[in-house]
Amino acid sequence: NQQVFVNLSRWIDNVFDSIWQSPQELNLAFETRRTAQEQEELQKRGKVINLGVTSPENQAVILLISVNQEADERMGVRIQLYPQGNQRYLPSNLTLTLCNESGDTIKSVQSRSQDNYIQIKRFKCQRGFQFGVKLTLEDWSVTEYFIV
């Protein structure tokens with residue numbers, strides 16, 4: 001199982017893999033209401049992730065990653081998870097976990113019955129920092145890997 005890393009530093013230069021779409025392309029309407037200054041400072045991209053057969057109606061979610069360049073050369077990163085399509089809420093007990101490069105949990109949050117999104121609090125890191133974002137629902141899980 002080879003790990004493919006998404007290079008977030010390239011996002012600052014507006015270089016994105018095609019699988020990562022803008023909030024507008026993903027119909028995350030509330031994300032388009034940011035001020036022009038906020039839009040310029042942040043690069044946001046999302047990816048649709050199917051939750052597998054354990055979820056009702058084979059539900060999918062949107063993993064949204066926001067990055068920005070800090071004044072001190074570090075990068076700011078925020079990780080959010082939203083329901084996709086006409087779903088109003090995330091499935092209950094969906095876990096969003098931030099892991100270090102060894103796979104150890106740094107932070108984790110779990111959805112409740114009526115959460116319309118969950119997030120890992122924004123953090124700052126040095127360029128070269130590697131991390132994983134793991135989604136878990138019952139006995140299903142998937143991990144996306146990133147390098148800053």
# chains A, B, ... in the order shown; residues from 1 in each chain; ligands from 1

$ select_by_dssp --residues "chain A" --states "strand (DSSP E or B)" --output "number ranges by chain"
A: 5-7, 21, 43-50, 60-69, 75-83, 95-100, 105-110, 118-125, 130-137, 140-147

$ select_by_dssp --residues "chain A" --states "alpha helix (DSSP H)" --output "list in words"
Ser9, Arg10, Trp11, Ile12, Ala36, Gln37, Glu38, Gln39, Glu40 and Glu41 of chain A

$ closest_atom_pairs --of "stretch 46-139 of chain A" --to "stretch 12-17 of chain A" --cutoff "8 Å" --atoms "only C-alpha atoms" --output "JSON lines"
{"residue": "A:Val67", "atom": "CA", "partner": "A:Ile12", "partner_atom": "CA", "distance": 7.5}
{"residue": "A:Asn68", "atom": "CA", "partner": "A:Ile12", "partner_atom": "CA", "distance": 6.8}
{"residue": "A:Gln69", "atom": "CA", "partner": "A:Ile12", "partner_atom": "CA", "distance": 7.2}

$ residues_around --residues "A:Leu81" --least-positions-apart "4" --cutoff "9 Å" --atoms "only C-alpha atoms" --output "PDB file with all heavy atoms, in the first residue's frame"
ATOM      1  N   VAL A  61     -18.572  12.040   1.836  1.00  0.00           N
ATOM      2  CA  VAL A  61     -18.264  13.266   2.559  1.00  0.00           C
ATOM      3  C   VAL A  61     -17.232  14.050   1.756  1.00  0.00           C
ATOM      4  O   VAL A  61     -16.612  13.523   0.828  1.00  0.00           O
ATOM      5  CB  VAL A  61     -17.728  12.982   3.988  1.00  0.00           C
ATOM      6  CG1 VAL A  61     -18.806  12.347   4.847  1.00  0.00           C
ATOM      7  CG2 VAL A  61     -16.487  12.120   3.941  1.00  0.00           C
ATOM      8  N   ILE A  62     -17.056  15.307   2.130  1.00  0.00           N
ATOM      9  CA  ILE A  62     -16.052  16.147   1.485  1.00  0.00           C
ATOM     10  C   ILE A  62     -14.990  16.485   2.513  1.00  0.00           C
ATOM     11  O   ILE A  62     -15.289  17.073   3.558  1.00  0.00           O
ATOM     12  CB  ILE A  62     -16.676  17.429   0.920  1.00  0.00           C
ATOM     13  CG1 ILE A  62     -17.686  17.077  -0.177  1.00  0.00           C
ATOM     14  CG2 ILE A  62     -15.581  18.364   0.379  1.00  0.00           C
ATOM     15  CD1 ILE A  62     -18.495  18.249  -0.677  1.00  0.00           C
ATOM     16  N   LEU A  63     -13.755  16.104   2.216  1.00  0.00           N
ATOM     17  CA  LEU A  63     -12.607  16.475   3.024  1.00  0.00           C
ATOM     18  C   LEU A  63     -12.098  17.797   2.470  1.00  0.00           C
ATOM     19  O   LEU A  63     -11.707  17.873   1.298  1.00  0.00           O
ATOM     20  CB  LEU A  63     -11.524  15.404   2.929  1.00  0.00           C
ATOM     21  CG  LEU A  63     -10.208  15.701   3.643  1.00  0.00           C
ATOM     22  CD1 LEU A  63     -10.420  15.841   5.154  1.00  0.00           C
ATOM     23  CD2 LEU A  63      -9.187  14.609   3.346  1.00  0.00           C
ATOM     24  N   LEU A  64     -12.146  18.865   3.271  1.00  0.00           N
ATOM     25  CA  LEU A  64     -11.741  20.191   2.835  1.00  0.00           C
ATOM     26  C   LEU A  64     -10.477  20.592   3.588  1.00  0.00           C
ATOM     27  O   LEU A  64     -10.458  20.592   4.818  1.00  0.00           O
ATOM     28  CB  LEU A  64     -12.857  21.206   3.103  1.00  0.00           C
ATOM     29  CG  LEU A  64     -12.634  22.610   2.546  1.00  0.00           C
ATOM     30  CD1 LEU A  64     -12.736  22.601   1.019  1.00  0.00           C
ATOM     31  CD2 LEU A  64     -13.661  23.579   3.123  1.00  0.00           C
ATOM     32  N   ILE A  65      -9.429  20.915   2.836  1.00  0.00           N
ATOM     33  CA  ILE A  65      -8.149  21.324   3.409  1.00  0.00           C
ATOM     34  C   ILE A  65      -7.914  22.782   3.036  1.00  0.00           C
ATOM     35  O   ILE A  65      -8.040  23.159   1.867  1.00  0.00           O
ATOM     36  CB  ILE A  65      -6.989  20.461   2.858  1.00  0.00           C
ATOM     37  CG1 ILE A  65      -7.275  18.968   3.032  1.00  0.00           C
ATOM     38  CG2 ILE A  65      -5.664  20.874   3.498  1.00  0.00           C
ATOM     39  CD1 ILE A  65      -7.250  18.459   4.442  1.00  0.00           C
ATOM     40  N   LEU A  90     -23.359  14.870   8.801  1.00  0.00           N
ATOM     41  CA  LEU A  90     -22.400  13.780   8.702  1.00  0.00           C
ATOM     42  C   LEU A  90     -22.987  12.555   9.400  1.00  0.00           C
ATOM     43  O   LEU A  90     -23.787  12.694  10.324  1.00  0.00           O
ATOM     44  CB  LEU A  90     -21.088  14.164   9.399  1.00  0.00           C
ATOM     45  CG  LEU A  90     -20.281  15.262   8.729  1.00  0.00           C
ATOM     46  CD1 LEU A  90     -19.184  15.757   9.669  1.00  0.00           C
ATOM     47  CD2 LEU A  90     -19.685  14.772   7.423  1.00  0.00           C
ATOM     48  N   LEU A  96     -12.554  11.842  12.451  1.00  0.00           N
ATOM     49  CA  LEU A  96     -11.561  12.566  11.659  1.00  0.00           C
ATOM     50  C   LEU A  96     -10.311  12.662  12.523  1.00  0.00           C
ATOM     51  O   LEU A  96     -10.355  13.224  13.617  1.00  0.00           O
ATOM     52  CB  LEU A  96     -12.092  13.963  11.311  1.00  0.00           C
ATOM     53  CG  LEU A  96     -11.154  14.943  10.619  1.00  0.00           C
ATOM     54  CD1 LEU A  96     -10.745  14.430   9.242  1.00  0.00           C
ATOM     55  CD2 LEU A  96     -11.830  16.305  10.504  1.00  0.00           C
ATOM     56  N   ASN A 116     -23.198  19.213  11.070  1.00  0.00           N
ATOM     57  CA  ASN A 116     -23.137  19.487   9.638  1.00  0.00           C
ATOM     58  C   ASN A 116     -21.696  19.659   9.157  1.00  0.00           C
ATOM     59  O   ASN A 116     -21.449  19.781   7.967  1.00  0.00           O
ATOM     60  CB  ASN A 116     -24.017  20.673   9.239  1.00  0.00           C
ATOM     61  CG  ASN A 116     -23.709  21.920  10.036  1.00  0.00           C
ATOM     62  OD1 ASN A 116     -22.714  21.978  10.745  1.00  0.00           O
ATOM     63  ND2 ASN A 116     -24.570  22.901   9.919  1.00  0.00           N
ATOM     64  N   TYR A 117     -20.749  19.645  10.089  1.00  0.00           N
ATOM     65  CA  TYR A 117     -19.332  19.529   9.763  1.00  0.00           C
ATOM     66  C   TYR A 117     -18.559  19.273  11.050  1.00  0.00           C
ATOM     67  O   TYR A 117     -19.058  19.517  12.146  1.00  0.00           O
ATOM     68  CB  TYR A 117     -18.793  20.770   9.033  1.00  0.00           C
ATOM     69  CG  TYR A 117     -18.469  21.938   9.938  1.00  0.00           C
ATOM     70  CD1 TYR A 117     -17.157  22.173  10.354  1.00  0.00           C
ATOM     71  CD2 TYR A 117     -19.467  22.801  10.374  1.00  0.00           C
ATOM     72  CE1 TYR A 117     -16.852  23.236  11.185  1.00  0.00           C
ATOM     73  CE2 TYR A 117     -19.171  23.864  11.202  1.00  0.00           C
ATOM     74  CZ  TYR A 117     -17.860  24.079  11.599  1.00  0.00           C
ATOM     75  OH  TYR A 117     -17.561  25.131  12.420  1.00  0.00           O
ATOM     76  N   ILE A 118     -17.336  18.746  10.894  1.00  0.00           N
ATOM     77  CA  ILE A 118     -16.396  18.635  12.005  1.00  0.00           C
ATOM     78  C   ILE A 118     -15.049  19.115  11.487  1.00  0.00           C
ATOM     79  O   ILE A 118     -14.822  19.173  10.267  1.00  0.00           O
ATOM     80  CB  ILE A 118     -16.294  17.191  12.574  1.00  0.00           C
ATOM     81  CG1 ILE A 118     -15.928  16.178  11.494  1.00  0.00           C
ATOM     82  CG2 ILE A 118     -17.581  16.804  13.297  1.00  0.00           C
ATOM     83  CD1 ILE A 118     -15.722  14.745  12.020  1.00  0.00           C
ATOM     84  N   GLN A 119     -14.154  19.476  12.408  1.00  0.00           N
ATOM     85  CA  GLN A 119     -12.859  19.961  11.959  1.00  0.00           C
ATOM     86  C   GLN A 119     -11.771  19.694  12.990  1.00  0.00           C
ATOM     87  O   GLN A 119     -12.049  19.556  14.172  1.00  0.00           O
ATOM     88  CB  GLN A 119     -12.907  21.454  11.632  1.00  0.00           C
ATOM     89  CG  GLN A 119     -13.065  22.361  12.837  1.00  0.00           C
ATOM     90  CD  GLN A 119     -13.071  23.840  12.445  1.00  0.00           C
ATOM     91  OE1 GLN A 119     -12.904  24.197  11.287  1.00  0.00           O
ATOM     92  NE2 GLN A 119     -13.268  24.704  13.419  1.00  0.00           N
ATOM     93  N   ILE A 120     -10.553  19.640  12.473  1.00  0.00           N
ATOM     94  CA  ILE A 120      -9.356  19.651  13.312  1.00  0.00           C
ATOM     95  C   ILE A 120      -8.943  21.112  13.395  1.00  0.00           C
ATOM     96  O   ILE A 120      -8.810  21.788  12.360  1.00  0.00           O
ATOM     97  CB  ILE A 120      -8.211  18.816  12.677  1.00  0.00           C
ATOM     98  CG1 ILE A 120      -8.628  17.351  12.501  1.00  0.00           C
ATOM     99  CG2 ILE A 120      -6.928  18.969  13.478  1.00  0.00           C
ATOM    100  CD1 ILE A 120      -8.711  16.538  13.762  1.00  0.00           C
TER     101      ILE A 120
END

$ atom_distance --atom1 "atom CA of A:Trp140" --atom2 "atom CA of A:Gly52"
7.0 Å

$ residues_around --residues "A:Glu73" --least-positions-apart "5" --cutoff "12 Å" --atoms "only C-alpha atoms" --output "PyMOL selection string"
chain A and resi 9+68+124-128+148

$ write_last_selection --atoms "N, CA and C atoms" --output "PDB file, in the first residue's frame"
ATOM      1  N   SER A   9       2.369  22.740  -0.191  1.00  0.00           N
ATOM      2  CA  SER A   9       3.157  23.930  -0.532  1.00  0.00           C
ATOM      3  C   SER A   9       2.875  24.363  -1.971  1.00  0.00           C
ATOM      4  N   ASN A  68      -2.474  28.278   4.228  1.00  0.00           N
ATOM      5  CA  ASN A  68      -2.004  29.630   3.949  1.00  0.00           C
ATOM      6  C   ASN A  68      -0.565  29.776   4.435  1.00  0.00           C
ATOM      7  N   LYS A 124      -0.192  25.249  12.796  1.00  0.00           N
ATOM      8  CA  LYS A 124       0.923  25.763  11.998  1.00  0.00           C
ATOM      9  C   LYS A 124       2.040  24.733  11.996  1.00  0.00           C
ATOM     10  N   CYS A 125       2.739  24.639  10.878  1.00  0.00           N
ATOM     11  CA  CYS A 125       3.828  23.674  10.784  1.00  0.00           C
ATOM     12  C   CYS A 125       4.898  24.178   9.815  1.00  0.00           C
ATOM     13  N   GLN A 126       6.062  23.576   9.908  1.00  0.00           N
ATOM     14  CA  GLN A 126       7.176  23.907   9.018  1.00  0.00           C
ATOM     15  C   GLN A 126       6.998  23.208   7.683  1.00  0.00           C
ATOM     16  N   ARG A 127       7.587  23.766   6.651  1.00  0.00           N
ATOM     17  CA  ARG A 127       7.630  23.078   5.349  1.00  0.00           C
ATOM     18  C   ARG A 127       8.367  21.756   5.527  1.00  0.00           C
ATOM     19  N   GLY A 128       7.891  20.745   4.836  1.00  0.00           N
ATOM     20  CA  GLY A 128       8.478  19.421   4.964  1.00  0.00           C
ATOM     21  C   GLY A 128       7.733  18.531   5.944  1.00  0.00           C
ATOM     22  N   VAL A 148       3.824  19.305   3.669  1.00  0.00           N
ATOM     23  CA  VAL A 148       3.725  20.757   3.588  1.00  0.00           C
ATOM     24  C   VAL A 148       4.945  21.303   2.856  1.00  0.00           C
TER      25      VAL A 148
END

$ atom_distance --atom1 "atom CA of A:Phe146" --atom2 "atom CA of A:Val133"
8.0 Å

$ residues_around --residues "A:Leu26" --least-positions-apart "4" --cutoff "8 Å" --atoms "only C-alpha atoms" --output "short mmCIF file (atom, residue, chain, number, x, y, z; two decimals) with C-alpha atoms, in the first residue's frame"
data_model
loop_
_atom_site.label_atom_id
_atom_site.label_comp_id
_atom_site.auth_asym_id
_atom_site.auth_seq_id
_atom_site.Cartn_x
_atom_site.Cartn_y
_atom_site.Cartn_z
CA GLN A 21 -11.62 20.73 -6.32
CA SER A 22 -12.56 24.25 -5.21
CA GLY A 46 -11.81 19.51 -1.24
#

$ closest_residue --among "A:Leu135, A:Leu28, A:Met75, A:Leu42" --to "A:Gln87" --atoms "only C-alpha atoms"
A:Leu28

$ atom_distance --atom1 "atom CA of A:Gln59" --atom2 "atom CA of A:Pro83"
8.2 Å

$ closest_residue --among "A:Ser18, A:Glu70, A:Gly103, A:Pro91" --to "A:Leu51" --atoms "only C-alpha atoms"
A:Pro91

$ closest_residue --among "A:Gln80, A:Thr95, A:Gln130, A:Ser141" --to "A:Val4" --atoms "only C-alpha atoms"
A:Gln130

$ residues_around --residues "A:Lys121" --least-positions-apart "5" --cutoff "10 Å" --atoms "only C-alpha atoms" --output "ChimeraX atom specification"
/A:77-80,107-109

$ write_last_selection --atoms "all heavy atoms" --output "PDB file, in the first residue's frame"
ATOM      1  N   VAL A  77      -2.634  25.264   8.477  1.00  0.00           N
ATOM      2  CA  VAL A  77      -3.443  24.200   7.871  1.00  0.00           C
ATOM      3  C   VAL A  77      -4.706  24.000   8.702  1.00  0.00           C
ATOM      4  O   VAL A  77      -4.646  23.955   9.930  1.00  0.00           O
ATOM      5  CB  VAL A  77      -2.658  22.866   7.816  1.00  0.00           C
ATOM      6  CG1 VAL A  77      -3.512  21.764   7.201  1.00  0.00           C
ATOM      7  CG2 VAL A  77      -1.340  23.021   7.067  1.00  0.00           C
ATOM      8  N   ARG A  78      -5.846  23.882   8.026  1.00  0.00           N
ATOM      9  CA  ARG A  78      -7.108  23.521   8.686  1.00  0.00           C
ATOM     10  C   ARG A  78      -7.713  22.353   7.918  1.00  0.00           C
ATOM     11  O   ARG A  78      -7.691  22.335   6.691  1.00  0.00           O
ATOM     12  CB  ARG A  78      -8.085  24.693   8.704  1.00  0.00           C
ATOM     13  CG  ARG A  78      -9.439  24.285   9.300  1.00  0.00           C
ATOM     14  CD  ARG A  78     -10.413  25.429   9.434  1.00  0.00           C
ATOM     15  NE  ARG A  78      -9.998  26.274  10.540  1.00  0.00           N
ATOM     16  CZ  ARG A  78      -9.870  27.604  10.462  1.00  0.00           C
ATOM     17  NH1 ARG A  78     -10.100  28.222   9.349  1.00  0.00           N
ATOM     18  NH2 ARG A  78      -9.504  28.293  11.511  1.00  0.00           N
ATOM     19  N   ILE A  79      -8.282  21.410   8.665  1.00  0.00           N
ATOM     20  CA  ILE A  79      -8.869  20.206   8.084  1.00  0.00           C
ATOM     21  C   ILE A  79     -10.331  20.147   8.508  1.00  0.00           C
ATOM     22  O   ILE A  79     -10.637  20.182   9.701  1.00  0.00           O
ATOM     23  CB  ILE A  79      -8.120  18.952   8.586  1.00  0.00           C
ATOM     24  CG1 ILE A  79      -6.638  19.060   8.238  1.00  0.00           C
ATOM     25  CG2 ILE A  79      -8.741  17.691   8.010  1.00  0.00           C
ATOM     26  CD1 ILE A  79      -5.766  18.107   9.031  1.00  0.00           C
ATOM     27  N   GLN A  80     -11.232  20.079   7.523  1.00  0.00           N
ATOM     28  CA  GLN A  80     -12.659  20.041   7.806  1.00  0.00           C
ATOM     29  C   GLN A  80     -13.314  18.914   7.023  1.00  0.00           C
ATOM     30  O   GLN A  80     -12.820  18.512   5.962  1.00  0.00           O
ATOM     31  CB  GLN A  80     -13.307  21.378   7.426  1.00  0.00           C
ATOM     32  CG  GLN A  80     -12.754  22.543   8.227  1.00  0.00           C
ATOM     33  CD  GLN A  80     -13.283  23.876   7.726  1.00  0.00           C
ATOM     34  OE1 GLN A  80     -13.214  24.166   6.549  1.00  0.00           O
ATOM     35  NE2 GLN A  80     -13.814  24.675   8.637  1.00  0.00           N
ATOM     36  N   LYS A 107      -4.433  14.645  16.829  1.00  0.00           N
ATOM     37  CA  LYS A 107      -5.736  15.156  17.251  1.00  0.00           C
ATOM     38  C   LYS A 107      -6.803  14.318  16.576  1.00  0.00           C
ATOM     39  O   LYS A 107      -6.607  13.803  15.480  1.00  0.00           O
ATOM     40  CB  LYS A 107      -5.917  16.620  16.827  1.00  0.00           C
ATOM     41  CG  LYS A 107      -4.970  17.589  17.481  1.00  0.00           C
ATOM     42  CD  LYS A 107      -5.213  18.993  16.979  1.00  0.00           C
ATOM     43  CE  LYS A 107      -4.187  19.944  17.588  1.00  0.00           C
ATOM     44  NZ  LYS A 107      -4.276  21.286  17.045  1.00  0.00           N
ATOM     45  N   SER A 108      -7.958  14.228  17.244  1.00  0.00           N
ATOM     46  CA  SER A 108      -9.052  13.450  16.683  1.00  0.00           C
ATOM     47  C   SER A 108     -10.377  14.070  17.115  1.00  0.00           C
ATOM     48  O   SER A 108     -10.485  14.609  18.212  1.00  0.00           O
ATOM     49  CB  SER A 108      -8.952  12.000  17.176  1.00  0.00           C
ATOM     50  OG  SER A 108      -9.909  11.202  16.554  1.00  0.00           O
ATOM     51  N   VAL A 109     -11.373  14.000  16.230  1.00  0.00           N
ATOM     52  CA  VAL A 109     -12.708  14.494  16.547  1.00  0.00           C
ATOM     53  C   VAL A 109     -13.713  13.531  15.919  1.00  0.00           C
ATOM     54  O   VAL A 109     -13.447  12.944  14.876  1.00  0.00           O
ATOM     55  CB  VAL A 109     -12.905  15.952  16.050  1.00  0.00           C
ATOM     56  CG1 VAL A 109     -12.801  16.041  14.544  1.00  0.00           C
ATOM     57  CG2 VAL A 109     -14.219  16.517  16.535  1.00  0.00           C
TER      58      VAL A 109
END

$ closest_residue --among "A:Arg88, A:Lys134, A:Phe129, A:Arg122" --to "A:Thr105" --atoms "only C-alpha atoms"
A:Lys134
